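As provided, protein_38.csv (CSV, C-alpha atoms) reads as follows.
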chain,number,residue,atom,x,y,z
C,101,MET,CA,22.4,-30.2,-67.0
C,102,ARG,CA,20.2,-27.5,-65.6
C,103,GLY,CA,17.4,-26.1,-67.7
C,104,THR,CA,13.8,-24.9,-67.7
C,105,LEU,CA,10.8,-27.2,-67.2
C,106,PRO,CA,7.7,-26.2,-69.2
C,107,GLY,CA,4.8,-25.5,-66.9
C,108,LEU,CA,6.9,-25.4,-63.8
C,109,PRO,CA,4.7,-23.5,-61.2
C,110,THR,CA,6.1,-20.5,-59.3
C,111,ALA,CA,5.5,-19.9,-55.6
C,112,HIS,CA,5.6,-16.2,-56.2
C,113,PRO,CA,3.5,-15.2,-59.3
C,114,LEU,CA,4.3,-11.7,-60.4
C,115,LEU,CA,0.7,-10.8,-61.3
C,116,HIS,CA,-0.4,-11.3,-57.7
C,117,GLN,CA,2.2,-8.8,-56.5
C,118,LEU,CA,0.7,-5.9,-58.5
C,119,PRO,CA,-2.0,-3.6,-57.2
C,120,ALA,CA,-5.5,-4.9,-57.8
C,121,VAL,CA,-6.2,-2.3,-60.6
C,122,TYR,CA,-3.8,-4.2,-62.9
C,123,LEU,CA,-5.3,-7.7,-62.3
C,124,ASP,CA,-7.9,-7.5,-65.2
C,125,HIS,CA,-5.4,-6.6,-68.0
C,126,PRO,CA,-5.0,-9.5,-70.4
C,127,PHE,CA,-1.7,-8.2,-71.8
C,128,LEU,CA,-0.1,-7.9,-68.3
C,129,GLU,CA,-1.4,-11.4,-67.4
C,130,ARG,CA,0.2,-13.0,-70.5
C,131,PHE,CA,3.4,-10.9,-70.1
C,132,LEU,CA,3.9,-11.7,-66.4
C,133,SER,CA,3.0,-15.4,-66.8
C,134,ALA,CA,5.8,-15.6,-69.5
C,135,LEU,CA,8.2,-14.0,-67.0
C,136,ASP,CA,7.0,-16.3,-64.3
C,137,GLU,CA,7.8,-19.3,-66.5
C,138,LEU,CA,11.4,-17.9,-67.0
C,139,LEU,CA,11.9,-17.1,-63.3
C,140,ALA,CA,10.3,-20.2,-61.8
C,141,PRO,CA,13.5,-22.4,-62.0
C,142,VAL,CA,15.6,-19.6,-60.6
C,143,LEU,CA,13.2,-18.9,-57.7
C,144,LEU,CA,12.7,-22.6,-56.9
C,145,THR,CA,16.5,-23.2,-56.9
C,146,LEU,CA,17.0,-20.3,-54.6
C,147,ASP,CA,14.2,-21.5,-52.3
C,148,ASN,CA,15.8,-24.9,-52.2
C,149,LEU,CA,19.5,-23.8,-52.1
C,150,PRO,CA,20.3,-25.6,-48.8
C,151,ALA,CA,19.1,-28.9,-50.4
C,152,HIS,CA,21.3,-28.2,-53.5
C,153,LEU,CA,24.4,-27.7,-51.3
C,154,HIS,CA,24.1,-30.8,-49.1
C,155,PRO,CA,25.7,-33.9,-50.5
C,156,ARG,CA,22.9,-36.2,-49.5
C,157,THR,CA,20.2,-34.2,-51.3
C,158,ALA,CA,22.0,-32.3,-54.1
C,159,PRO,CA,21.1,-33.1,-57.7
C,160,GLU,CA,23.4,-35.7,-59.1
C,161,ASP,CA,25.0,-33.4,-61.6
C,162,LEU,CA,26.1,-31.0,-58.8
C,163,LEU,CA,28.0,-33.7,-56.8
C,164,ALA,CA,31.3,-33.2,-58.7
C,165,TRP,CA,31.0,-29.4,-58.1
C,166,LEU,CA,30.4,-30.0,-54.4
C,167,ALA,CA,33.3,-32.4,-54.3
C,168,GLY,CA,35.6,-29.6,-55.6
C,169,TRP,CA,34.5,-27.5,-52.7
C,170,VAL,CA,35.7,-30.1,-50.2
C,171,ALA,CA,38.8,-31.1,-52.2
C,172,VAL,CA,37.9,-34.7,-53.1
C,173,GLU,CA,37.5,-36.5,-56.4
C,174,VAL,CA,34.4,-38.5,-57.2
C,175,ASP,CA,34.6,-41.2,-59.8
C,176,ALA,CA,31.7,-40.8,-62.2
C,177,GLU,CA,31.6,-44.6,-62.7
C,178,ARG,CA,30.7,-45.2,-59.0
C,179,PRO,CA,27.1,-45.5,-57.8
C,180,VAL,CA,25.6,-42.2,-56.8
C,181,THR,CA,25.2,-43.3,-53.2
C,182,GLN,CA,28.9,-44.0,-52.9
C,183,ARG,CA,29.7,-40.6,-54.5
C,184,ARG,CA,27.4,-38.9,-52.1
C,185,ALA,CA,29.2,-40.7,-49.2
C,186,VAL,CA,32.6,-39.6,-50.4
C,187,VAL,CA,31.6,-35.9,-50.5
C,188,ALA,CA,29.7,-36.1,-47.2
C,189,SER,CA,32.5,-37.6,-45.3
C,190,ALA,CA,35.3,-35.5,-46.9
C,191,VAL,CA,35.8,-32.9,-44.2
C,192,ILE,CA,35.9,-35.5,-41.4
C,193,ARG,CA,38.3,-37.6,-43.5
C,194,HIS,CA,40.6,-34.6,-44.1
C,195,ARG,CA,40.8,-34.0,-40.4
C,196,GLN,CA,41.8,-37.7,-39.8
C,197,ARG,CA,44.1,-37.9,-42.8
C,198,GLY,CA,47.4,-39.6,-42.2
C,199,THR,CA,46.0,-41.5,-39.1
C,200,ARG,CA,45.0,-45.1,-38.8
C,201,GLN,CA,41.3,-44.0,-38.3
C,202,GLY,CA,41.5,-41.8,-41.4
C,203,LEU,CA,43.0,-44.6,-43.5
C,204,ALA,CA,40.4,-47.1,-42.2
C,205,ALA,CA,37.6,-44.7,-43.0
C,206,ALA,CA,38.9,-44.1,-46.5
C,207,VAL,CA,39.1,-47.8,-47.2
C,208,ARG,CA,35.6,-48.3,-45.9
C,209,VAL,CA,34.2,-45.6,-48.2
C,210,GLU,CA,36.1,-46.9,-51.2
C,211,THR,CA,35.3,-50.6,-50.7
C,212,GLY,CA,32.5,-50.9,-48.2
C,213,LEU,CA,34.6,-53.4,-46.3
C,214,GLU,CA,36.4,-53.3,-42.9
C,215,PRO,CA,40.2,-53.3,-43.3
C,216,GLU,CA,42.8,-54.8,-41.0
C,217,ILE,CA,45.5,-52.2,-40.6
C,218,THR,CA,49.0,-52.9,-39.1
C,219,GLU,CA,51.5,-50.2,-38.7
C,220,SER,CA,55.0,-49.7,-37.3
C,221,GLY,CA,54.3,-46.7,-35.1
C,222,ALA,CA,53.7,-46.9,-31.4
C,223,THR,CA,53.6,-44.8,-28.3
C,224,ASP,CA,54.9,-45.4,-24.8
C,225,TRP,CA,56.0,-43.6,-21.7
C,226,SER,CA,58.6,-44.4,-19.1
C,227,THR,CA,59.9,-43.0,-15.9
C,228,GLN,CA,63.4,-44.0,-16.9
C,229,PRO,CA,65.3,-41.6,-19.2
C,230,GLY,CA,66.9,-43.1,-22.3
C,231,SER,CA,64.3,-45.9,-22.5
C,232,PRO,CA,64.1,-47.5,-26.0
C,233,LEU,CA,61.6,-46.0,-28.4
C,234,PRO,CA,58.6,-48.2,-29.4
C,235,GLY,CA,57.9,-49.2,-33.0
C,236,SER,CA,60.4,-49.4,-35.8
C,237,PRO,CA,62.7,-46.7,-37.0
C,238,ARG,CA,61.4,-46.9,-40.6
C,239,PRO,CA,57.6,-46.2,-40.8
C,240,TRP,CA,55.4,-48.6,-42.7
C,241,VAL,CA,51.7,-49.6,-42.9
C,242,MET,CA,50.0,-52.7,-44.2
C,243,VAL,CA,46.3,-52.9,-45.1
C,244,ARG,CA,44.7,-56.3,-45.3
C,245,LEU,CA,41.3,-56.7,-46.9
C,246,THR,CA,39.1,-59.8,-47.3
C,247,VAL,CA,36.7,-59.6,-50.3
C,248,PRO,CA,33.7,-61.9,-50.7
C,249,ASP,CA,34.4,-62.7,-54.3
C,250,ALA,CA,37.7,-64.1,-55.7
C,251,ASP,CA,37.1,-62.2,-59.0
C,252,ALA,CA,37.1,-58.9,-57.2
C,253,VAL,CA,40.7,-59.4,-55.7
C,254,ALA,CA,42.6,-57.8,-58.6
C,255,PRO,CA,40.4,-54.7,-59.2
C,256,THR,CA,40.1,-54.1,-55.4
C,257,ARG,CA,43.9,-54.4,-55.0
C,258,LEU,CA,44.4,-51.7,-57.8
C,259,ARG,CA,41.9,-49.4,-56.2
C,260,LEU,CA,43.5,-49.8,-52.8
C,261,GLU,CA,47.0,-49.2,-54.2
C,262,ARG,CA,45.7,-45.9,-55.7
C,263,LEU,CA,43.9,-44.9,-52.5
C,264,LEU,CA,47.0,-45.7,-50.3
C,265,ALA,CA,49.2,-43.6,-52.5
C,266,GLU,CA,46.9,-40.6,-51.8
C,267,GLU,CA,46.1,-41.2,-48.2
C,268,VAL,CA,49.4,-42.5,-46.6
C,269,PRO,CA,52.1,-39.8,-45.8
C,270,ALA,CA,54.7,-39.7,-48.5
C,271,HIS,CA,57.6,-41.0,-46.3
C,272,VAL,CA,55.6,-44.1,-45.2
C,273,VAL,CA,56.1,-47.4,-47.0
C,274,TYR,CA,52.8,-49.2,-47.6
C,275,ARG,CA,51.7,-52.7,-48.6
C,276,VAL,CA,48.3,-54.1,-49.6
C,277,GLU,CA,47.0,-57.6,-49.2
C,278,VAL,CA,43.6,-58.5,-50.7
C,279,THR,CA,42.4,-62.0,-50.3
C,280,ALA,CA,39.2,-63.8,-51.2
C,281,GLU,CA,37.0,-65.0,-48.4
C,282,GLY,CA,37.9,-68.5,-47.3
C,283,THR,CA,41.1,-68.7,-49.3
C,284,GLY,CA,43.5,-66.8,-47.0
C,285,THR,CA,46.0,-66.2,-49.9
C,286,PRO,CA,46.5,-62.9,-51.7
Would you mind writing the structure in this file as structure tokens?
Amino acid sequence: MRGTLPGLPTAHPLLHQLPAVYLDHPFLERFLSALDELLAPVLLTLDNLPAHLHPRTAPEDLLAWLAGWVAVEVDAERPVTQRRAVVASAVIRHRQRGTRQGLAAAVRVETGLEPEITESGATDWSTQPGSPLPGSPRPWVMVRLTVPDADAVAPTRLRLERLLAEEVPAHVVYRVEVTAEGTGTP
């Protein structure tokens, strides 16, 4: 929550901007120092506006607001570093959305782990007309993830299910496999 900070200094005291003839008036000094105290947070915010608008340096309570600017949701339960990473990478991820790279980046941001992604699509070229098309006629994607802790399998699987529902194109069937390190079984 934004608010005033008592005793916050101002970089631009109003008294020093008056002609010298007014500098020795006690009433003006008190009056303008009160205004300086009110204006200091506003002026300091304006002076630091670029830092407030960058996800890496923005105050924590502005991250959700910045996330709205780039059309992503940030989970308040996540650590602040992860929320900052989600907002900072949003524009690039939107550009890659629906691709293998975009899906891998979304999984990395969500879990911090490198996914193994298999998909049905393919490309090919041929000098022969009527050559068979590569891939399968029904699109699908499978994401495999190996987590270090067996207790994290179920929560990670639920998070990935939600993520894939948002990231994978609507007509593509998806499957998630999350296994604990060393077990090899989902």
Neighbour list for Gly282 in chain C as a ChimeraX atom specification, cut-off 12 Å, only C-alpha atoms, skip fewer than 6 positions in-chain: /C:246-250
Leaving out range 253-267 of chain C and any residue of its chain fewer than 4 positions from it, which residues lie within 7 Å of it when counting all atoms listed in the file, given as a CSV table (one decimal) with C-alpha atoms, in the coordinates of the input?
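Written output follows (out11.csv):
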chain,number,residue,atom,x,y,z
C,197,ARG,CA,44.1,-37.9,-42.8
C,198,GLY,CA,47.4,-39.6,-42.2
C,203,LEU,CA,43.0,-44.6,-43.5
C,247,VAL,CA,36.7,-59.6,-50.3
C,276,VAL,CA,48.3,-54.1,-49.6
C,278,VAL,CA,43.6,-58.5,-50.7
C,279,THR,CA,42.4,-62.0,-50.3
C,280,ALA,CA,39.2,-63.8,-51.2
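You will find CA of Val191 in chain C at 6.6 Å from CA of Val170 in chain C.
Minimum atom-to-atom distances from C:Leu128, C:Val243, C:Val186, C:Ala111 to Thr145 in chain C were compared using all atoms listed in the file, and the lowest value belongs to C:Ala111.
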One-decimal distance in Å that lies between CA of Pro141 in chain C and CA of Ser189 in chain C: 29.5 Å
